[in-house]
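Below is one structure, written out as structure tokens; comments come after it.
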Amino acid sequence: MNLELTIEDARWQGLEPLATQSIQAVLEYCGLDIDLCEISLLACDDARIAELNAEFREKPVPTNVLSWPSEDLSAEEPGQVPTSPAADFSGEIALGDIAIAYETCAREAEEAGKSMDDHVRHLIVHGTLHLLGYDHIRDPDATLMERVEVAILGKMGVDDPYRI
């Protein structure tokens, strides 16, 4: 896997192993050839992600994670598995870009009583699934995405993040 990691906030030092583990778990679950896949990950702060959220979603507030898929793989029918990505002319699968914000992630982890590492794993799994066409706008899609997240995280030893 080609992971292009850009760390803009020094508090994200040590993120690479967590990111690699999380992304690989998603790619394996989805049956993709890990060696062919490319993802860019920006590890930033709340101010930077608020700028990105304003620019791309017209929501000028921080959020935990954002994703920009290289192509729209979403299923046409609600609750269906998205289309698998295809390799480009070079044989690689460019999946897209993810940004993750430190302060929001840390605050959410603390409020939920979870470890920062487990919360970050969840958010990177979540962001990677968005790159692969999963979404949570329609209820059946949200149910599918949550089920897939729980399965992937479970294989990584992370508790169900949706269990109250």
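Quick note on naming: the chains in the structure tokens go A, B, ... in the order shown, residues restart at 1 in each chain, and ligands are numbered from 1 in order of appearance.
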
Name all residues at most 10 Å from region 61-70 of chain A (count only C-alpha atoms; drop same-chain ones fewer than 3 positions away) and give them as JSON, numbers by chain.
{"A": [39, 40, 41, 42, 43, 44, 45, 46, 47, 48, 49, 50, 51, 52, 53, 54, 56, 57, 58, 73, 85, 93, 94, 95, 96, 97, 98, 99, 100, 101, 102, 103, 104, 105, 106, 107, 108, 120, 123, 124, 126, 127, 128, 129, 130, 131, 132, 133]}

Convert the current residue selection to file output with N, CA and C atoms, as a short mmCIF file (atom, residue, chain, number, x, y, z; two decimals), in the first residue's frame.
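Listed below is the output, selection_11.cif:
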```cif
data_model
loop_
_atom_site.label_atom_id
_atom_site.label_comp_id
_atom_site.auth_asym_id
_atom_site.auth_seq_id
_atom_site.Cartn_x
_atom_site.Cartn_y
_atom_site.Cartn_z
N ILE A 39 -3.45 5.92 -0.92
CA ILE A 39 -4.28 6.83 -0.13
C ILE A 39 -3.38 7.94 0.41
N SER A 40 -3.91 9.16 0.43
CA SER A 40 -3.23 10.28 1.08
C SER A 40 -3.96 10.58 2.37
N LEU A 41 -3.20 10.81 3.43
CA LEU A 41 -3.77 11.12 4.74
C LEU A 41 -3.12 12.38 5.29
N LEU A 42 -3.95 13.38 5.59
CA LEU A 42 -3.50 14.62 6.19
C LEU A 42 -3.85 14.58 7.66
N ALA A 43 -2.84 14.68 8.52
CA ALA A 43 -3.04 14.71 9.97
C ALA A 43 -2.87 16.16 10.41
N CYS A 44 -3.99 16.79 10.74
CA CYS A 44 -3.96 18.23 10.98
C CYS A 44 -4.63 18.59 12.30
N ASP A 45 -4.89 19.87 12.49
CA ASP A 45 -5.57 20.36 13.68
C ASP A 45 -6.98 20.81 13.32
N ASP A 46 -7.72 21.25 14.33
CA ASP A 46 -9.10 21.67 14.11
C ASP A 46 -9.21 22.87 13.17
N ALA A 47 -8.27 23.80 13.28
CA ALA A 47 -8.34 25.00 12.42
C ALA A 47 -8.24 24.61 10.95
N ARG A 48 -7.32 23.73 10.64
CA ARG A 48 -7.13 23.31 9.24
C ARG A 48 -8.33 22.52 8.74
N ILE A 49 -8.84 21.61 9.55
CA ILE A 49 -9.97 20.80 9.06
C ILE A 49 -11.23 21.67 8.95
N ALA A 50 -11.34 22.71 9.78
CA ALA A 50 -12.47 23.63 9.64
C ALA A 50 -12.40 24.37 8.31
N GLU A 51 -11.19 24.75 7.88
CA GLU A 51 -11.01 25.37 6.57
C GLU A 51 -11.44 24.42 5.45
N LEU A 52 -11.02 23.18 5.56
CA LEU A 52 -11.37 22.18 4.54
C LEU A 52 -12.87 21.90 4.55
N ASN A 53 -13.44 21.82 5.73
CA ASN A 53 -14.87 21.57 5.85
C ASN A 53 -15.67 22.74 5.25
N ALA A 54 -15.20 23.95 5.45
CA ALA A 54 -15.86 25.12 4.87
C ALA A 54 -15.74 25.12 3.35
N PHE A 56 -15.12 22.56 1.22
CA PHE A 56 -15.68 21.44 0.47
C PHE A 56 -17.11 21.06 0.88
N ARG A 57 -17.52 21.44 2.09
CA ARG A 57 -18.86 21.06 2.55
C ARG A 57 -19.70 22.24 2.99
N GLU A 58 -19.11 23.45 2.88
CA GLU A 58 -19.78 24.68 3.28
C GLU A 58 -20.22 24.66 4.75
N LEU A 73 -17.96 5.47 -5.98
CA LEU A 73 -18.19 4.02 -6.02
C LEU A 73 -19.49 3.63 -5.33
N PRO A 85 -13.30 -0.57 -6.62
CA PRO A 85 -12.50 0.32 -7.47
C PRO A 85 -11.66 -0.48 -8.47
N ILE A 93 -4.45 1.57 -7.75
CA ILE A 93 -5.81 1.96 -7.38
C ILE A 93 -5.70 3.18 -6.48
N ALA A 94 -5.91 4.36 -7.07
CA ALA A 94 -5.88 5.61 -6.31
C ALA A 94 -7.24 5.78 -5.64
N LEU A 95 -7.28 5.66 -4.32
CA LEU A 95 -8.56 5.70 -3.62
C LEU A 95 -8.99 7.10 -3.22
N GLY A 96 -8.05 7.98 -2.91
CA GLY A 96 -8.41 9.34 -2.55
C GLY A 96 -7.67 9.85 -1.33
N ASP A 97 -8.26 10.87 -0.71
CA ASP A 97 -7.61 11.60 0.37
C ASP A 97 -8.49 11.61 1.62
N ILE A 98 -7.83 11.60 2.76
CA ILE A 98 -8.49 11.67 4.07
C ILE A 98 -7.78 12.76 4.88
N ALA A 99 -8.54 13.50 5.67
CA ALA A 99 -7.96 14.45 6.63
C ALA A 99 -8.55 14.12 8.00
N ILE A 100 -7.72 14.20 9.03
CA ILE A 100 -8.16 13.90 10.39
C ILE A 100 -7.63 14.99 11.32
N ALA A 101 -8.49 15.44 12.25
CA ALA A 101 -8.17 16.57 13.11
C ALA A 101 -7.89 16.12 14.55
N TYR A 102 -6.77 16.58 15.08
CA TYR A 102 -6.32 16.12 16.39
C TYR A 102 -7.26 16.50 17.54
N GLU A 103 -7.56 17.79 17.69
CA GLU A 103 -8.33 18.22 18.86
C GLU A 103 -9.70 17.55 18.92
N THR A 104 -10.38 17.48 17.78
CA THR A 104 -11.71 16.87 17.76
C THR A 104 -11.61 15.39 18.11
N CYS A 105 -10.64 14.71 17.55
CA CYS A 105 -10.47 13.28 17.86
C CYS A 105 -10.19 13.07 19.34
N ALA A 106 -9.29 13.87 19.89
CA ALA A 106 -8.93 13.73 21.31
C ALA A 106 -10.13 14.01 22.20
N ARG A 107 -10.88 15.06 21.88
CA ARG A 107 -12.06 15.41 22.68
C ARG A 107 -13.11 14.31 22.62
N GLU A 108 -13.39 13.80 21.41
CA GLU A 108 -14.38 12.74 21.27
C GLU A 108 -13.97 11.48 22.01
N VAL A 120 -9.00 6.77 16.87
CA VAL A 120 -8.33 7.10 15.61
C VAL A 120 -8.45 5.93 14.63
N LEU A 123 -11.90 6.15 13.16
CA LEU A 123 -12.08 7.25 12.22
C LEU A 123 -11.34 7.00 10.91
N ILE A 124 -10.18 6.36 10.97
CA ILE A 124 -9.46 6.06 9.72
C ILE A 124 -10.18 4.95 8.96
N HIS A 126 -13.39 4.50 9.09
CA HIS A 126 -14.57 5.22 8.59
C HIS A 126 -14.22 6.02 7.33
N GLY A 127 -13.13 6.78 7.40
CA GLY A 127 -12.71 7.59 6.25
C GLY A 127 -12.34 6.75 5.05
N THR A 128 -11.68 5.64 5.29
CA THR A 128 -11.29 4.75 4.19
C THR A 128 -12.52 4.13 3.55
N LEU A 129 -13.50 3.75 4.35
CA LEU A 129 -14.74 3.22 3.78
C LEU A 129 -15.45 4.26 2.92
N HIS A 130 -15.39 5.52 3.31
CA HIS A 130 -15.95 6.57 2.46
C HIS A 130 -15.25 6.60 1.10
N LEU A 131 -13.93 6.41 1.10
CA LEU A 131 -13.20 6.39 -0.17
C LEU A 131 -13.66 5.23 -1.05
N LEU A 132 -14.16 4.19 -0.42
CA LEU A 132 -14.60 2.99 -1.14
C LEU A 132 -16.10 3.00 -1.44
N GLY A 133 -16.75 4.16 -1.27
CA GLY A 133 -18.14 4.28 -1.67
C GLY A 133 -19.17 4.05 -0.58
#
```

Could you give me the residues within chain A that DSSP places in strand (DSSP E or B), as a PyMOL selection string?
chain A and resi 2-7+37-44+65-69+93-101

What would the file look like if the residues just selected were written as a CSV table (one decimal), in the first residue's frame with N, CA, C and O atoms?
```csv
chain,number,residue,atom,x,y,z
A,2,ASN,N,0.5,2.2,-0.8
A,2,ASN,CA,1.2,3.5,-0.8
A,2,ASN,C,0.4,4.5,0.0
A,2,ASN,O,-0.7,4.9,-0.4
A,3,LEU,N,0.9,4.7,1.2
A,3,LEU,CA,0.2,5.7,2.1
A,3,LEU,C,1.1,7.0,2.1
A,3,LEU,O,2.2,7.0,2.5
A,4,GLU,N,0.5,8.1,1.6
A,4,GLU,CA,1.2,9.3,1.6
A,4,GLU,C,0.7,10.1,2.9
A,4,GLU,O,-0.5,10.6,2.9
A,5,LEU,N,1.5,10.1,3.9
A,5,LEU,CA,1.1,10.7,5.2
A,5,LEU,C,1.7,12.1,5.3
A,5,LEU,O,2.9,12.2,5.2
A,6,THR,N,0.9,13.1,5.5
A,6,THR,CA,1.4,14.5,5.7
A,6,THR,C,0.9,14.9,7.2
A,6,THR,O,-0.3,14.9,7.5
A,7,ILE,N,1.9,15.1,8.0
A,7,ILE,CA,1.6,15.5,9.4
A,7,ILE,C,1.9,17.0,9.5
A,7,ILE,O,3.0,17.5,9.5
A,37,CYS,N,-3.0,-0.3,-3.8
A,37,CYS,CA,-3.8,0.9,-3.4
A,37,CYS,C,-3.0,2.1,-2.9
A,37,CYS,O,-2.0,1.9,-2.2
A,38,GLU,N,-3.5,3.3,-3.2
A,38,GLU,CA,-2.9,4.5,-2.8
A,38,GLU,C,-3.9,5.4,-2.0
A,38,GLU,O,-5.0,5.5,-2.5
A,39,ILE,N,-3.4,5.9,-0.9
A,39,ILE,CA,-4.3,6.8,-0.1
A,39,ILE,C,-3.4,7.9,0.4
A,39,ILE,O,-2.2,7.7,0.8
A,40,SER,N,-3.9,9.2,0.4
A,40,SER,CA,-3.2,10.3,1.1
A,40,SER,C,-4.0,10.6,2.4
A,40,SER,O,-5.2,10.6,2.4
A,41,LEU,N,-3.2,10.8,3.4
A,41,LEU,CA,-3.8,11.1,4.7
A,41,LEU,C,-3.1,12.4,5.3
A,41,LEU,O,-1.9,12.4,5.4
A,42,LEU,N,-4.0,13.4,5.6
A,42,LEU,CA,-3.5,14.6,6.2
A,42,LEU,C,-3.9,14.6,7.7
A,42,LEU,O,-5.0,14.5,8.0
A,43,ALA,N,-2.8,14.7,8.5
A,43,ALA,CA,-3.0,14.7,10.0
A,43,ALA,C,-2.9,16.2,10.4
A,43,ALA,O,-1.8,16.7,10.4
A,44,CYS,N,-4.0,16.8,10.7
A,44,CYS,CA,-4.0,18.2,11.0
A,44,CYS,C,-4.6,18.6,12.3
A,44,CYS,O,-4.9,17.7,13.1
A,65,VAL,N,-13.1,13.8,10.8
A,65,VAL,CA,-12.5,13.2,9.6
A,65,VAL,C,-13.3,13.6,8.4
A,65,VAL,O,-14.5,13.7,8.4
A,66,LEU,N,-12.5,13.9,7.3
A,66,LEU,CA,-13.1,14.2,6.0
A,66,LEU,C,-12.5,13.2,5.0
A,66,LEU,O,-11.3,12.9,5.1
A,67,SER,N,-13.2,12.9,4.0
A,67,SER,CA,-12.7,12.1,2.9
A,67,SER,C,-13.1,12.6,1.5
A,67,SER,O,-14.2,13.2,1.4
A,68,TRP,N,-12.2,12.4,0.6
A,68,TRP,CA,-12.4,12.8,-0.8
A,68,TRP,C,-12.0,11.6,-1.7
A,68,TRP,O,-10.9,11.4,-2.0
A,69,PRO,N,-13.1,10.9,-2.1
A,69,PRO,CA,-12.8,9.7,-2.9
A,69,PRO,C,-12.3,10.1,-4.3
A,69,PRO,O,-12.7,11.1,-4.8
A,93,ILE,N,-4.4,1.6,-7.7
A,93,ILE,CA,-5.8,2.0,-7.4
A,93,ILE,C,-5.7,3.2,-6.5
A,93,ILE,O,-5.4,3.1,-5.3
A,94,ALA,N,-5.9,4.4,-7.1
A,94,ALA,CA,-5.9,5.6,-6.3
A,94,ALA,C,-7.2,5.8,-5.6
A,94,ALA,O,-8.2,6.0,-6.3
A,95,LEU,N,-7.3,5.7,-4.3
A,95,LEU,CA,-8.6,5.7,-3.6
A,95,LEU,C,-9.0,7.1,-3.2
A,95,LEU,O,-10.2,7.4,-3.2
A,96,GLY,N,-8.0,8.0,-2.9
A,96,GLY,CA,-8.4,9.3,-2.5
A,96,GLY,C,-7.7,9.9,-1.3
A,96,GLY,O,-6.6,9.3,-1.0
A,97,ASP,N,-8.3,10.9,-0.7
A,97,ASP,CA,-7.6,11.6,0.4
A,97,ASP,C,-8.5,11.6,1.6
A,97,ASP,O,-9.7,11.7,1.5
A,98,ILE,N,-7.8,11.6,2.8
A,98,ILE,CA,-8.5,11.7,4.1
A,98,ILE,C,-7.8,12.8,4.9
A,98,ILE,O,-6.6,12.9,4.8
A,99,ALA,N,-8.5,13.5,5.7
A,99,ALA,CA,-8.0,14.4,6.6
A,99,ALA,C,-8.6,14.1,8.0
A,99,ALA,O,-9.7,13.8,8.1
A,100,ILE,N,-7.7,14.2,9.0
A,100,ILE,CA,-8.2,13.9,10.4
A,100,ILE,C,-7.6,15.0,11.3
A,100,ILE,O,-6.5,15.4,11.2
A,101,ALA,N,-8.5,15.4,12.2
A,101,ALA,CA,-8.2,16.6,13.1
A,101,ALA,C,-7.9,16.1,14.5
A,101,ALA,O,-8.7,15.4,15.2
```

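Nearest to Glu16 (chain A) of all the residues A:Asp117, A:Glu77, A:Glu28, A:Asp141 is A:Asp117, based on only C-alpha atoms.
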
Identify which of the residues A:Glu149, A:Asp35, A:Asp72, A:Asp88 lies closest to Val125 (chain A), counting only C-alpha atoms when measuring atom-to-atom distances.
A:Glu149

Mind checking which residues fall within 12 Å of Arg163 (chain A), counting only C-alpha atoms, ignoring those fewer than 2 positions away in the same chain, and posting them as a VMD selection string?
chain A and resid 112 114 146 to 147 150 158 to 161

Selected residues written out with N, CA and C atoms, as a PDB file, in the first residue's frame:
```
ATOM      1  N   ALA A 112     -16.060   9.924  25.176  1.00  0.00           N
ATOM      2  CA  ALA A 112     -16.626   8.579  25.056  1.00  0.00           C
ATOM      3  C   ALA A 112     -15.932   7.571  25.969  1.00  0.00           C
ATOM      4  N   LYS A 114     -12.924   6.385  25.547  1.00  0.00           N
ATOM      5  CA  LYS A 114     -12.180   5.443  24.689  1.00  0.00           C
ATOM      6  C   LYS A 114     -10.733   5.875  24.614  1.00  0.00           C
ATOM      7  N   GLU A 146     -22.003   0.963   9.219  1.00  0.00           N
ATOM      8  CA  GLU A 146     -21.724   0.682  10.626  1.00  0.00           C
ATOM      9  C   GLU A 146     -21.411  -0.792  10.838  1.00  0.00           C
ATOM     10  N   ARG A 147     -22.155  -1.681  10.192  1.00  0.00           N
ATOM     11  CA  ARG A 147     -21.908  -3.120  10.324  1.00  0.00           C
ATOM     12  C   ARG A 147     -20.507  -3.478   9.829  1.00  0.00           C
ATOM     13  N   VAL A 150     -17.835  -2.123  12.330  1.00  0.00           N
ATOM     14  CA  VAL A 150     -17.785  -2.958  13.536  1.00  0.00           C
ATOM     15  C   VAL A 150     -17.029  -4.258  13.239  1.00  0.00           C
ATOM     16  N   VAL A 158     -10.786  -3.869  18.452  1.00  0.00           N
ATOM     17  CA  VAL A 158     -11.385  -2.625  18.907  1.00  0.00           C
ATOM     18  C   VAL A 158     -12.872  -2.863  19.156  1.00  0.00           C
ATOM     19  N   ASP A 159     -13.366  -2.432  20.315  1.00  0.00           N
ATOM     20  CA  ASP A 159     -14.771  -2.597  20.665  1.00  0.00           C
ATOM     21  C   ASP A 159     -15.689  -1.843  19.698  1.00  0.00           C
ATOM     22  N   ASP A 160     -16.912  -2.290  19.597  1.00  0.00           N
ATOM     23  CA  ASP A 160     -17.950  -1.661  18.777  1.00  0.00           C
ATOM     24  C   ASP A 160     -18.101  -0.193  19.192  1.00  0.00           C
ATOM     25  N   PRO A 161     -17.757   0.754  18.318  1.00  0.00           N
ATOM     26  CA  PRO A 161     -17.837   2.165  18.699  1.00  0.00           C
ATOM     27  C   PRO A 161     -19.276   2.678  18.777  1.00  0.00           C
TER      28      PRO A 161
END
```

Interatomic distance (Å, one decimal) between CA of Gly113 (chain A) and CA of Gly14 (chain A):
21.1 Å

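Of the residues listed (A:Val148, A:Met1, A:Ala86, A:Met116), A:Met1 shows the shortest atom-to-atom separation from Ile23 (chain A); distances use only C-alpha atoms.
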